[in-house]
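Content type mmCIF, C-alpha atoms and all ligand atoms, from the file work-v6.cif:
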data_input
#
loop_
_atom_site.label_atom_id
_atom_site.label_comp_id
_atom_site.auth_asym_id
_atom_site.auth_seq_id
_atom_site.Cartn_x
_atom_site.Cartn_y
_atom_site.Cartn_z
CA MET A 176 70.44 -1.99 11.04
CA ALA A 177 67.23 -2.42 12.98
CA ILE A 178 65.53 -5.70 13.74
CA ASN A 179 61.76 -5.90 14.20
CA MET A 180 61.20 -7.76 17.47
CA ALA A 181 57.81 -8.95 18.69
CA VAL A 182 56.55 -10.00 22.10
CA PRO A 183 53.12 -11.67 22.00
CA LYS A 184 50.97 -12.09 25.10
CA GLU A 185 51.43 -15.60 26.53
CA GLU A 186 48.31 -17.71 26.06
CA ALA A 187 49.10 -20.90 27.98
CA PRO A 188 46.69 -21.39 30.91
CA GLY A 189 48.13 -20.02 34.16
CA GLU A 190 51.11 -18.36 32.44
CA ARG A 191 51.64 -14.86 33.80
CA ARG A 192 55.21 -14.28 32.67
CA VAL A 193 56.21 -12.12 29.72
CA ALA A 194 59.29 -12.58 27.55
CA LEU A 195 60.61 -8.99 27.74
CA VAL A 196 60.22 -6.51 30.59
CA PRO A 197 60.25 -2.74 29.89
CA GLU A 198 63.82 -2.32 31.18
CA VAL A 199 65.13 -4.77 28.58
CA VAL A 200 62.90 -3.27 25.86
CA ALA A 201 64.48 0.14 26.55
CA LYS A 202 67.97 -1.33 26.02
CA LEU A 203 66.98 -2.98 22.75
CA VAL A 204 65.32 0.22 21.51
CA LYS A 205 68.45 2.15 22.45
CA GLN A 206 70.44 -0.26 20.30
CA GLY A 207 68.23 0.82 17.40
CA HIS A 208 65.77 -2.09 17.21
CA ASN A 209 61.99 -1.85 16.87
CA VAL A 210 60.17 -3.68 19.64
CA ALA A 211 56.44 -4.39 19.29
CA VAL A 212 54.60 -5.72 22.33
CA GLU A 213 51.06 -7.09 22.29
CA SER A 214 48.67 -5.08 24.43
CA ASP A 215 48.44 -6.53 27.98
CA ALA A 216 51.37 -8.89 27.33
CA GLY A 217 52.96 -7.89 30.64
CA LYS A 218 49.78 -7.39 32.63
CA GLY A 219 49.98 -10.71 34.47
CA ALA A 220 53.43 -9.73 35.72
CA HIS A 221 52.38 -6.12 36.48
CA TYR A 222 54.29 -4.61 33.56
CA LEU A 223 51.63 -2.41 32.04
CA ASP A 224 51.32 -1.15 28.46
CA GLU A 225 52.27 2.40 29.52
CA ALA A 226 55.59 1.15 30.89
CA TYR A 227 56.37 -0.55 27.57
CA GLU A 228 55.41 2.61 25.67
CA LYS A 229 57.66 4.66 27.92
CA ALA A 230 60.46 2.22 27.19
CA GLY A 231 60.02 2.91 23.48
CA ALA A 232 57.96 -0.13 22.48
CA ASN A 233 55.14 -0.06 20.01
CA VAL A 234 52.13 -1.55 21.83
CA VAL A 235 49.95 -3.43 19.34
CA ASP A 236 46.42 -4.81 19.73
CA GLU A 237 46.38 -7.25 16.90
CA ARG A 238 48.50 -10.39 17.22
CA SER A 239 48.69 -11.52 13.60
CA GLY A 240 49.92 -8.08 12.55
CA LEU A 241 52.43 -8.06 15.38
CA LEU A 242 53.85 -11.44 14.40
CA GLY A 243 53.52 -10.95 10.64
CA SER A 244 56.06 -8.13 10.52
CA ALA A 245 58.55 -9.61 13.01
CA GLY A 246 62.11 -10.69 12.35
CA VAL A 247 62.66 -12.02 15.87
CA ILE A 248 59.83 -13.27 18.10
CA LEU A 249 60.40 -13.61 21.83
CA LYS A 250 58.25 -15.92 23.93
CA VAL A 251 58.16 -17.73 27.26
CA GLN A 252 56.03 -20.77 26.35
CA PRO A 253 56.06 -22.71 23.06
CA PRO A 254 54.09 -21.01 20.29
CA THR A 255 50.54 -22.12 19.50
CA GLU A 256 49.67 -23.43 16.03
CA ASP A 257 47.99 -20.08 15.29
CA GLU A 258 51.09 -18.14 16.30
CA ILE A 259 53.28 -20.34 14.12
CA ALA A 260 50.93 -19.77 11.20
CA ALA A 261 51.19 -15.98 11.70
CA MET A 262 55.01 -15.91 11.86
CA PRO A 263 56.86 -14.93 8.68
CA GLU A 264 58.82 -17.67 6.95
CA GLY A 265 62.46 -17.49 7.98
CA SER A 266 61.85 -15.50 11.17
CA VAL A 267 63.68 -16.29 14.39
CA LEU A 268 61.77 -17.55 17.43
CA ILE A 269 63.27 -17.82 20.93
CA GLY A 270 61.60 -19.33 24.01
CA PHE A 271 61.00 -22.56 25.93
CA MET A 272 59.86 -25.16 23.39
CA TYR A 273 59.27 -28.47 25.30
CA PRO A 274 59.50 -30.41 22.01
CA HIS A 275 58.64 -33.77 23.64
CA ARG A 276 55.27 -32.31 24.69
CA TYR A 277 54.51 -30.59 21.40
CA PRO A 278 56.07 -32.57 18.53
CA GLU A 279 53.36 -31.45 16.10
CA ARG A 280 54.28 -27.81 16.74
CA VAL A 281 57.94 -28.60 16.04
CA ALA A 282 56.86 -30.05 12.68
CA ALA A 283 54.83 -26.88 11.96
CA MET A 284 57.84 -24.68 12.83
CA ARG A 285 60.04 -26.79 10.55
CA ASP A 286 57.57 -26.52 7.68
CA LYS A 287 57.38 -22.76 8.22
CA LYS A 288 61.19 -22.64 7.90
CA LEU A 289 61.54 -20.77 11.18
CA THR A 290 64.83 -20.58 13.04
CA VAL A 291 63.91 -21.70 16.53
CA PHE A 292 66.11 -21.56 19.61
CA ALA A 293 64.91 -23.50 22.67
CA MET A 294 66.01 -21.81 25.88
CA GLU A 295 66.02 -25.13 27.73
CA LEU A 296 68.68 -26.42 25.32
CA VAL A 297 71.21 -23.65 26.02
CA PRO A 298 74.31 -25.57 27.15
CA ARG A 299 75.16 -25.35 30.88
CA ILE A 300 78.62 -23.93 30.21
CA THR A 301 80.20 -21.01 32.02
CA ARG A 302 79.97 -18.67 29.02
CA ALA A 303 76.24 -19.31 28.73
CA GLN A 304 75.39 -18.69 32.39
CA ALA A 305 73.86 -15.29 31.71
CA MET A 306 71.48 -16.94 29.20
CA ASP A 307 70.64 -19.92 31.38
CA ALA A 308 66.87 -19.63 31.70
CA LEU A 309 66.56 -23.10 33.24
CA SER A 310 68.65 -21.82 36.14
CA SER A 311 66.94 -18.45 36.49
CA GLN A 312 63.49 -20.04 36.53
CA ALA A 313 64.60 -22.89 38.83
CA THR A 314 65.87 -20.26 41.27
CA VAL A 315 62.36 -18.81 41.37
CA ALA A 316 60.74 -22.25 41.75
CA GLY A 317 63.04 -23.31 44.60
CA TYR A 318 62.40 -20.14 46.54
CA LYS A 319 58.64 -20.37 46.07
CA ALA A 320 58.58 -24.07 47.02
CA ALA A 321 60.04 -23.26 50.45
CA LEU A 322 57.44 -20.52 50.94
CA ILE A 323 54.59 -22.83 49.92
CA ALA A 324 55.81 -25.41 52.43
CA ALA A 325 56.06 -22.77 55.18
CA ASP A 326 52.61 -21.49 54.31
CA THR A 327 51.03 -24.94 54.21
CA ILE A 328 52.41 -26.36 57.46
CA ASP A 329 50.57 -25.56 60.67
CA ARG A 330 53.68 -24.76 62.67
CA PHE A 331 56.61 -22.31 62.93
CA LEU A 332 59.82 -22.85 60.99
CA PRO A 333 62.21 -20.94 63.32
CA MET A 334 63.08 -21.70 66.90
CA LEU A 335 61.29 -19.29 69.21
CA THR A 336 61.92 -18.63 72.86
CA THR A 337 58.83 -17.00 74.26
CA ALA A 338 57.08 -16.51 77.59
CA ALA A 339 54.70 -19.19 76.37
CA GLY A 340 57.51 -21.69 76.04
CA THR A 341 60.20 -22.63 73.60
CA ILE A 342 59.25 -23.70 70.08
CA ARG A 343 61.57 -26.16 68.38
CA PRO A 344 62.58 -25.30 64.81
CA ALA A 345 61.06 -27.30 61.94
CA ASN A 346 63.12 -29.97 60.21
CA VAL A 347 63.16 -29.41 56.48
CA LEU A 348 64.48 -32.13 54.17
CA ILE A 349 65.33 -31.29 50.58
CA PHE A 350 65.90 -33.83 47.82
CA GLY A 351 67.94 -32.71 44.84
CA ALA A 352 70.52 -29.96 45.39
CA GLY A 353 70.54 -28.51 41.87
CA VAL A 354 69.63 -24.89 41.23
CA ALA A 355 66.06 -25.16 42.63
CA GLY A 356 67.07 -27.31 45.59
CA LEU A 357 69.86 -24.95 46.65
CA GLN A 358 67.47 -22.01 46.54
CA ALA A 359 64.90 -23.96 48.58
CA ILE A 360 67.64 -24.72 51.13
CA ALA A 361 68.69 -21.06 51.35
CA THR A 362 65.07 -19.92 51.73
CA ALA A 363 64.20 -22.49 54.41
CA LYS A 364 67.40 -21.53 56.28
CA ARG A 365 66.43 -17.86 56.16
CA LEU A 366 63.09 -18.83 57.69
CA GLY A 367 64.99 -20.44 60.56
CA ALA A 368 64.43 -24.13 59.82
CA VAL A 369 66.97 -26.88 60.44
CA VAL A 370 67.70 -28.05 56.89
CA THR A 371 69.02 -31.36 55.60
CA ALA A 372 69.53 -32.11 51.92
CA TYR A 373 70.36 -35.07 49.75
CA ASP A 374 71.59 -35.39 46.17
CA VAL A 375 72.97 -38.35 44.26
CA ARG A 376 75.83 -36.11 43.13
CA ARG A 377 78.32 -36.06 45.98
CA ALA A 378 79.77 -32.80 44.67
CA ALA A 379 76.54 -31.11 45.73
CA GLY A 380 77.49 -31.76 49.38
CA GLU A 381 79.92 -28.87 49.48
CA GLN A 382 77.32 -26.41 48.19
CA VAL A 383 74.72 -27.72 50.62
CA ARG A 384 77.07 -27.35 53.58
CA SER A 385 78.11 -23.87 52.48
CA LEU A 386 74.46 -22.84 52.90
CA GLY A 387 74.51 -24.08 56.48
CA ALA A 388 72.52 -27.24 55.82
CA LYS A 389 73.43 -30.86 56.57
CA PHE A 390 74.17 -33.17 53.64
CA LEU A 391 72.98 -36.79 53.80
CA GLU A 392 75.80 -39.00 52.66
CA LEU A 393 75.39 -42.31 50.89
CA GLU A 394 78.30 -44.17 49.34
CA ILE A 395 77.14 -43.34 45.83
CA ASP A 396 78.41 -40.92 43.25
CA ALA A 397 76.06 -40.71 40.30
CA GLU A 398 77.43 -37.61 38.61
CA THR A 399 78.13 -38.04 34.92
CA GLU A 400 80.43 -35.97 32.73
CA GLY A 401 78.03 -33.09 32.09
CA GLY A 402 77.42 -32.56 35.82
CA TYR A 403 73.99 -34.22 35.60
CA ALA A 404 72.85 -37.32 37.44
CA ARG A 405 72.75 -40.83 35.91
CA GLU A 406 70.09 -43.33 36.93
CA LEU A 407 70.97 -45.40 40.01
CA THR A 408 71.44 -49.21 40.01
CA GLU A 409 68.89 -51.40 41.84
CA GLU A 410 71.21 -51.95 44.84
CA GLU A 411 71.95 -48.22 45.05
CA LYS A 412 68.25 -47.49 44.90
CA LYS A 413 67.60 -49.84 47.85
CA GLN A 414 70.26 -48.20 50.01
CA GLU A 415 68.95 -44.81 49.04
CA ARG A 416 65.40 -45.76 49.98
CA GLU A 417 66.49 -46.88 53.47
CA MET A 418 68.38 -43.69 54.13
CA VAL A 419 65.59 -41.58 52.68
CA GLU A 420 63.04 -43.31 54.85
CA GLN A 421 64.90 -42.56 58.07
CA ALA A 422 65.32 -38.93 57.07
CA ILE A 423 61.71 -38.33 56.10
CA VAL A 424 60.36 -39.85 59.31
CA ALA A 425 62.30 -37.12 61.14
CA ALA A 426 61.16 -34.30 58.80
CA ASP A 427 58.31 -31.83 59.18
CA ILE A 428 58.68 -30.60 55.61
CA VAL A 429 60.02 -32.45 52.57
CA ILE A 430 60.77 -30.53 49.37
CA THR A 431 61.69 -32.66 46.37
CA THR A 432 63.45 -31.19 43.32
CA ALA A 433 65.17 -34.26 41.82
CA ASN A 434 65.30 -34.54 38.04
CA ILE A 435 67.13 -36.54 35.42
CA PRO A 436 67.25 -34.63 32.10
CA GLY A 437 65.04 -36.10 29.39
CA ARG A 438 63.51 -38.78 31.66
CA ARG A 439 60.67 -39.17 34.10
CA ALA A 440 61.60 -37.67 37.49
CA PRO A 441 63.01 -40.32 39.88
CA LEU A 442 60.57 -41.74 42.44
CA ILE A 443 62.04 -41.02 45.87
CA VAL A 444 59.17 -40.81 48.37
CA THR A 445 56.87 -43.86 48.19
CA LYS A 446 53.29 -44.14 49.53
CA GLU A 447 54.59 -46.29 52.38
CA MET A 448 57.11 -43.62 53.37
CA VAL A 449 54.39 -40.97 53.35
CA ALA A 450 52.34 -43.20 55.68
CA LYS A 451 55.23 -43.21 58.18
CA MET A 452 55.60 -39.43 58.25
CA LYS A 453 54.69 -37.32 61.24
CA PRO A 454 51.07 -36.13 61.42
CA GLY A 455 50.75 -32.64 59.94
CA SER A 456 53.90 -32.84 57.87
CA VAL A 457 54.03 -31.40 54.35
CA ILE A 458 55.62 -32.45 51.08
CA VAL A 459 56.14 -30.00 48.21
CA ASP A 460 57.00 -31.89 45.04
CA LEU A 461 58.70 -29.60 42.52
CA ALA A 462 59.00 -32.50 40.09
CA ALA A 463 55.18 -32.74 39.84
CA GLU A 464 55.36 -31.57 36.22
CA SER A 465 57.76 -34.34 35.18
CA GLY A 466 56.07 -37.29 36.91
CA GLY A 467 56.72 -36.46 40.56
CA ASN A 468 59.38 -37.50 43.10
CA CYS A 469 56.59 -38.62 45.45
CA GLU A 470 54.23 -41.46 44.61
CA VAL A 471 51.28 -39.61 46.12
CA THR A 472 51.74 -36.40 44.10
CA LYS A 473 49.00 -35.26 41.75
CA PRO A 474 50.21 -32.50 39.39
CA GLY A 475 48.51 -29.19 40.09
CA GLU A 476 46.78 -30.45 43.26
CA THR A 477 47.28 -30.73 46.99
CA VAL A 478 46.39 -34.23 48.17
CA GLN A 479 46.19 -35.56 51.68
CA GLN A 480 47.30 -39.04 52.62
CA ASN A 481 46.85 -39.97 56.28
CA ASP A 482 47.68 -36.66 57.92
CA VAL A 483 50.28 -35.57 55.37
CA ARG A 484 49.61 -32.94 52.72
CA VAL A 485 51.39 -33.37 49.40
CA VAL A 486 51.53 -30.27 47.18
CA GLY A 487 52.25 -30.75 43.47
CA PRO A 488 52.64 -27.22 42.10
CA LEU A 489 52.77 -26.50 38.37
CA ASN A 490 54.66 -23.64 36.74
CA LEU A 491 55.96 -22.08 39.95
CA PRO A 492 58.00 -19.41 38.12
CA SER A 493 54.72 -17.92 36.91
CA ALA A 494 53.67 -17.43 40.54
CA LEU A 495 56.54 -14.97 40.95
CA ALA A 496 55.91 -13.44 37.56
CA VAL A 497 57.62 -10.08 38.22
CA HIS A 498 61.08 -11.40 38.92
CA ALA A 499 60.73 -14.56 36.85
CA SER A 500 59.99 -12.33 33.83
CA GLU A 501 62.79 -9.91 34.70
CA MET A 502 65.35 -12.70 34.95
CA TYR A 503 64.07 -14.44 31.83
CA ALA A 504 64.11 -11.17 29.86
CA LYS A 505 67.76 -10.67 30.84
CA ASN A 506 68.53 -14.23 29.73
CA LEU A 507 66.93 -13.39 26.37
CA GLN A 508 68.78 -10.09 26.11
CA ASN A 509 72.09 -11.90 26.59
CA PHE A 510 71.07 -14.50 24.02
CA LEU A 511 70.17 -11.74 21.55
CA ASP A 512 73.63 -10.20 22.07
CA LEU A 513 75.02 -13.46 20.77
CA ILE A 514 73.00 -13.49 17.54
CA ILE A 515 73.11 -9.77 16.70
CA ASP A 516 76.35 -8.22 15.47
CA ASP A 517 77.77 -4.74 16.20
CA GLU A 518 75.87 -3.27 13.22
CA GLY A 519 72.60 -4.53 14.68
CA ALA A 520 72.11 -7.26 12.07
CA LEU A 521 71.27 -10.90 12.73
CA LYS A 522 74.37 -13.06 12.55
CA LEU A 523 73.99 -16.76 13.27
CA ASP A 524 77.42 -18.28 13.88
CA TRP A 525 76.78 -22.02 13.81
CA GLU A 526 80.34 -22.65 15.01
CA ASP A 527 79.31 -21.18 18.35
CA GLU A 528 78.43 -24.08 20.67
CA ILE A 529 75.70 -22.09 22.40
CA LEU A 530 73.85 -21.53 19.11
CA ALA A 531 74.59 -25.01 17.82
CA GLY A 532 73.39 -26.52 21.10
CA SER A 533 70.18 -24.53 21.46
CA VAL A 534 68.89 -24.53 17.87
CA LEU A 535 65.81 -26.71 17.55
CA VAL A 536 64.76 -25.94 13.98
CA HIS A 537 66.52 -24.11 11.14
CA ASP A 538 66.00 -23.81 7.41
CA GLY A 539 63.32 -26.50 7.21
CA GLU A 540 65.21 -29.03 9.33
CA ILE A 541 64.92 -30.23 12.91
CA LYS A 542 68.45 -29.76 14.18
CA HIS A 543 68.09 -31.25 17.67
CA GLY A 544 68.73 -35.02 17.35
CA PRO A 545 66.31 -36.42 19.98
CA THR A 546 63.51 -34.15 18.70
CA ARG A 547 64.18 -35.15 15.09
CA GLU A 548 63.91 -38.78 16.18
CA LEU A 549 60.64 -38.06 17.99
CA VAL A 550 59.03 -36.09 15.16
CA GLU A 551 60.44 -37.85 12.12
CA GLY A 552 61.17 -41.28 13.56
CA GLY A 553 64.86 -41.02 12.82
CA ALA A 554 64.31 -40.37 9.09
CA GLN A 555 66.47 -37.61 7.64
P1 LIG B 601 68.10 -30.86 37.59
O1 LIG B 601 66.90 -29.98 37.66
O2 LIG B 601 68.35 -31.64 36.35
O3 LIG B 601 68.04 -31.90 38.84
C1 LIG B 601 67.95 -31.43 40.17
C2 LIG B 601 68.88 -32.21 41.06
O4 LIG B 601 68.33 -33.50 41.32
C3 LIG B 601 70.26 -32.44 40.50
O5 LIG B 601 71.22 -31.86 41.39
C4 LIG B 601 70.38 -33.97 40.46
O6 LIG B 601 71.68 -34.42 40.77
C5 LIG B 601 69.40 -34.37 41.54
N1 LIG B 601 68.93 -35.77 41.51
C6 LIG B 601 68.67 -36.58 40.45
N2 LIG B 601 68.23 -37.79 40.87
C7 LIG B 601 68.20 -37.76 42.23
C8 LIG B 601 67.83 -38.70 43.25
N3 LIG B 601 67.39 -39.92 42.94
N4 LIG B 601 67.94 -38.31 44.55
C9 LIG B 601 68.38 -37.07 44.88
N5 LIG B 601 68.74 -36.15 43.97
C10 LIG B 601 68.66 -36.47 42.65
O7 LIG B 601 69.40 -30.07 37.99
P2 LIG B 601 69.85 -28.58 37.68
O8 LIG B 601 69.43 -27.72 38.79
O9 LIG B 601 69.42 -28.23 36.30
O10 LIG B 601 71.44 -28.72 37.76
C11 LIG B 601 72.09 -29.84 37.18
C12 LIG B 601 73.59 -29.68 37.23
O11 LIG B 601 74.00 -28.66 36.35
C13 LIG B 601 74.15 -29.31 38.59
O12 LIG B 601 75.39 -29.93 38.72
C14 LIG B 601 74.35 -27.84 38.51
O13 LIG B 601 75.31 -27.35 39.42
C15 LIG B 601 74.83 -27.75 37.07
N6 LIG B 601 74.64 -26.44 36.51
C16 LIG B 601 75.69 -25.85 35.86
C17 LIG B 601 75.55 -24.59 35.31
C18 LIG B 601 76.67 -23.94 34.59
O14 LIG B 601 77.81 -24.24 34.79
N7 LIG B 601 76.38 -23.00 33.72
C19 LIG B 601 74.34 -23.93 35.40
C20 LIG B 601 73.29 -24.55 36.06
C21 LIG B 601 73.45 -25.82 36.59
#
Take the structure in the file and write it out as structure tokens.
Amino acid sequence: MAINMAVPKEEAPGERRVALVPEVVAKLVKQGHNVAVESDAGKGAHYLDEAYEKAGANVVDERSGLLGSAGVILKVQPPTEDEIAAMPEGSVLIGFMYPHRYPERVAAMRDKKLTVFAMELVPRITRAQAMDALSSQATVAGYKAALIAADTIDRFLPMLTTAAGTIRPANVLIFGAGVAGLQAIATAKRLGAVVTAYDVRRAAGEQVRSLGAKFLELEIDAETEGGYARELTEEEKKQEREMVEQAIVAADIVITTANIPGRRAPLIVTKEMVAKMKPGSVIVDLAAESGGNCEVTKPGETVQQNDVRVVGPLNLPSALAVHASEMYAKNLQNFLDLIIDDEGALKLDWEDEILAGSVLVHDGEIKHGPTRELVEGGAQ
């Protein structure tokens, strides 16, 4: 059996990624599916229409026609109201959904009786690693954050011994040693910096040290059962602030990546701390999108306080659209493998914890509890 799959061009401002790259399209076509791609959908990531055609896709100019005949729609960003309106009732939609930002779109998807899987809800279990788009995109963001810091600062990162004297390596301090933080550490190390990192989860220390960086230790372990961080107590926060302050005074570059799922990002670097930093130092705040780890951060801007520049980048994965799209497309391909059976037909096994965990909307109902609460106020 063949499934009609559709890949619309992403419309969100600044979004250059595309849900499927030609390599993945070719695999799906080989499995017997029909893949329609909107003209120029991959252009922002340098995947041109000809490459999709060569991979066996049908490149389509008109979006409503593309969506109207689709069984499975693959996206990066949440669908717009117009896209939802054009999707056939009962079709399957897969992508990032950010339901807390777009509750009205969730309601529209429910009313349209779509089956919607949110990639950010895929459980962080071993079996789902190949579908873990949060991780693949955080890898991109962490790498790019280190490069932005290196590009912004007016000094070398590596130690250099030259006829014009010896240059001391830069001190890079990284907060949050999750997927993005570890990639930022690895990238700053490759650039020759001396790297220190801190995470409220003590277990992260081993990973930090294995990358050749120093781990700041505080007598706190805030890891909860799922491997995520819990919020710290007031006393813990005070101790943390003191240790943080000492470390940032010694740093040339600070990269913050700390997050607590479903909450505002924790505030780690205060205005006062920024004021004590060395002249010319740089902060890159990867949590800018979720409230910022630094008090000075303005999302999407670079601000200067005293002689410190604070960069608050938005949607970093889009800045590395080629590989971000490639990795995301492979995540989607692995997810599709889970919902398509050997005969090529859709088969939604709700007993499977990956499907049960990532479904946002199905059959006219909002399946994800916190989103249902947000959209329907807890009413069933
Ligand atoms: P995240 O983006 O939710 O947060 C980034 C990091 O910030 C986390 O390591 C968190 O502990 C840290 N943090 C929170 N508050 C902080 C504070 N006040 N100060 C310093 N650091 C703080 O994290 P993530 O990258 O999505 O990873 C979360 C966890 O999930 C990690 O344990 C990671 O190893 C794990 N994980 C597991 C899998 C899997 O098994 N499939 C896949 C990916 C991630």
Enumerate, in order of chain and increasing residue number, the residues of chain A with an atom no farther than 6 Å from ligand LIG 601 (chain B), each with its shortest atom pair and distance in Å to one decimal, counting only C-alpha atoms and all ligand atoms, as a Markdown table.
| residue | atom | partner | partner_atom | distance |
| --- | --- | --- | --- | --- |
| A:Arg299 | CA | B:LIG601 | N7 | 3.9 |
| A:Ile300 | CA | B:LIG601 | N7 | 4.3 |
| A:Thr301 | CA | B:LIG601 | N7 | 4.6 |
| A:Gln304 | CA | B:LIG601 | N7 | 4.6 |
| A:Ser310 | CA | B:LIG601 | C20 | 5.4 |
| A:Phe350 | CA | B:LIG601 | C9 | 5.0 |
| A:Gly351 | CA | B:LIG601 | O4 | 3.6 |
| A:Ala352 | CA | B:LIG601 | O5 | 4.5 |
| A:Gly353 | CA | B:LIG601 | O8 | 3.4 |
| A:Val354 | CA | B:LIG601 | O8 | 3.7 |
| A:Ala355 | CA | B:LIG601 | O8 | 5.7 |
| A:Tyr373 | CA | B:LIG601 | C9 | 5.6 |
| A:Asp374 | CA | B:LIG601 | N5 | 3.7 |
| A:Val375 | CA | B:LIG601 | N5 | 4.8 |
| A:Arg376 | CA | B:LIG601 | O6 | 5.1 |
| A:Gly402 | CA | B:LIG601 | O12 | 4.4 |
| A:Tyr403 | CA | B:LIG601 | C12 | 4.8 |
| A:Ala404 | CA | B:LIG601 | O6 | 4.6 |
| A:Thr432 | CA | B:LIG601 | C1 | 5.5 |
| A:Ala433 | CA | B:LIG601 | O4 | 3.3 |
| A:Asn434 | CA | B:LIG601 | O3 | 3.9 |
| A:Ile435 | CA | B:LIG601 | O2 | 5.1 |
| A:Pro436 | CA | B:LIG601 | O2 | 5.3 |
| A:Pro441 | CA | B:LIG601 | N3 | 5.4 |
- Shell of 8 Å around Pro263 (chain A), all atoms listed in the file, local chain residues under 3 positions omitted, as a PyMOL selection string: chain A and resi 242-246+266+287+289
- Task: To one decimal in Å, tell me the separation between CA of Val196 (chain A) and CA of His537 (chain A).
- Result: 27.0 Å
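Excluding Ile259 (chain A) and any residue on its chain fewer than 2 positions from it, the residues at most 8 Å away by all atoms listed in the file are Pro254, Thr255, Glu256, Asp257, Ala261, Met262, Arg280, Ala283, Met284 and Lys287 of chain A.
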Dump of C-alpha atoms for the selected residues, as a tab-separated table (two decimals), in the coordinates of the input:
chain	number	residue	atom	x	y	z
A	254	PRO	CA	54.09	-21.01	20.29
A	255	THR	CA	50.54	-22.12	19.50
A	256	GLU	CA	49.67	-23.43	16.03
A	257	ASP	CA	47.99	-20.08	15.29
A	261	ALA	CA	51.19	-15.98	11.70
A	262	MET	CA	55.01	-15.91	11.86
A	280	ARG	CA	54.28	-27.81	16.74
A	283	ALA	CA	54.83	-26.88	11.96
A	284	MET	CA	57.84	-24.68	12.83
A	287	LYS	CA	57.38	-22.76	8.22
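The shortest atom-to-atom distance to Arg191 (chain A), with all atoms listed in the file taken into account, belongs to A:Gln252 out of A:Gln206, A:Gln252, A:Thr362, A:Asn481.
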- Message: Please report the interatomic distance between CA of Leu530 (chain A) and CA of Val182 (chain A) in Å with one decimal.
- Response: 21.0 Å
- Separation of CA of Met176 (chain A) from CA of Lys288 (chain A), in Å and rounded to one decimal: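 Taking CA of Met176 (chain A) as the start and CA of Lys288 (chain A) as the end point, the length is 22.8 Å.
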- Leu348 (chain A) surroundings by all atoms listed in the file, 8 Å radius, close-in-sequence under 4 positions cut, as a ChimeraX atom specification: /A:370-373,422-423,426-430
- All residues 8 Å or closer to region 457-470 of chain A, only C-alpha atoms, same chain fewer than 4 positions away omitted, as a ChimeraX atom specification: /A:316-317,320,323-324,327-328,427-434,439-446,474-475,483-490
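Using only C-alpha atoms, the shortest contact distance between Gly539 (chain A) and any of A:Val291, A:Ala232, A:Ala177, A:Ala313 is found at A:Val291.
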- Determine the nearest neighbour of Pro545 (chain A) from the options A:Gly437, A:Val247, A:Asn209, A:Lys413, counting all atoms listed in the file.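 Nearest to Pro545 (chain A): A:Gly437.
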- Shortest interatomic distance to Ala359 (chain A) - which of A:Arg343, A:Ala388, A:Leu249, A:Glu381, counting only C-alpha atoms: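 Of all the options, A:Ala388 lies closest to Ala359 (chain A).
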- Task: Quick one: everything within 12 Å of Lys522 (chain A), counting all atoms listed in the file, minus sequence neighbours fewer than 4 positions away in the same chain. Send it as a list in words.
- Result: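 With the cut-off at 12 Å, the set is Met176, Ile178, Val267, Leu511, Asp512, Leu513, Ile514, Ile515, Asp516, Asp517, Glu518, Glu526, Asp527 and Leu530 of chain A.
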- Item | Neighbour residues at most 8 Å from (59.5, -34.8, 24.1) (all atoms listed in the file) as a PyMOL selection string | chain A and resi 273-278+437+546+549
- Counting only C-alpha atoms, closest pick from A:Glu190, A:Glu185, A:Glu406, A:Glu476 relative to Ala496 (chain A) is A:Glu190
- Closest to Gln382 (chain A) among A:Leu357, A:Tyr318, A:Glu398, A:Lys412, using all atoms listed in the file?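 That would be A:Leu357, the residue with the smallest distance to Gln382 (chain A).
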- May I have the protein, DNA and RNA residues with any atom at most 12 Å from the point (49.8, -5.9, 18.9), counting only C-alpha atoms, written as a PyMOL selection string? chain A and resi 180-184+210-216+224+232-245
Preceding selection exported with C-alpha atoms as a short mmCIF file (atom, residue, chain, number, x, y, z; two decimals), keeping the file's coordinate frame:
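Output contents, as saved in again20.cif:
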data_model
loop_
_atom_site.label_atom_id
_atom_site.label_comp_id
_atom_site.auth_asym_id
_atom_site.auth_seq_id
_atom_site.Cartn_x
_atom_site.Cartn_y
_atom_site.Cartn_z
CA MET A 180 61.20 -7.76 17.47
CA ALA A 181 57.81 -8.95 18.69
CA VAL A 182 56.55 -10.00 22.10
CA PRO A 183 53.12 -11.67 22.00
CA LYS A 184 50.97 -12.09 25.10
CA VAL A 210 60.17 -3.68 19.64
CA ALA A 211 56.44 -4.39 19.29
CA VAL A 212 54.60 -5.72 22.33
CA GLU A 213 51.06 -7.09 22.29
CA SER A 214 48.67 -5.08 24.43
CA ASP A 215 48.44 -6.53 27.98
CA ALA A 216 51.37 -8.89 27.33
CA ASP A 224 51.32 -1.15 28.46
CA ALA A 232 57.96 -0.13 22.48
CA ASN A 233 55.14 -0.06 20.01
CA VAL A 234 52.13 -1.55 21.83
CA VAL A 235 49.95 -3.43 19.34
CA ASP A 236 46.42 -4.81 19.73
CA GLU A 237 46.38 -7.25 16.90
CA ARG A 238 48.50 -10.39 17.22
CA SER A 239 48.69 -11.52 13.60
CA GLY A 240 49.92 -8.08 12.55
CA LEU A 241 52.43 -8.06 15.38
CA LEU A 242 53.85 -11.44 14.40
CA GLY A 243 53.52 -10.95 10.64
CA SER A 244 56.06 -8.13 10.52
CA ALA A 245 58.55 -9.61 13.01
#
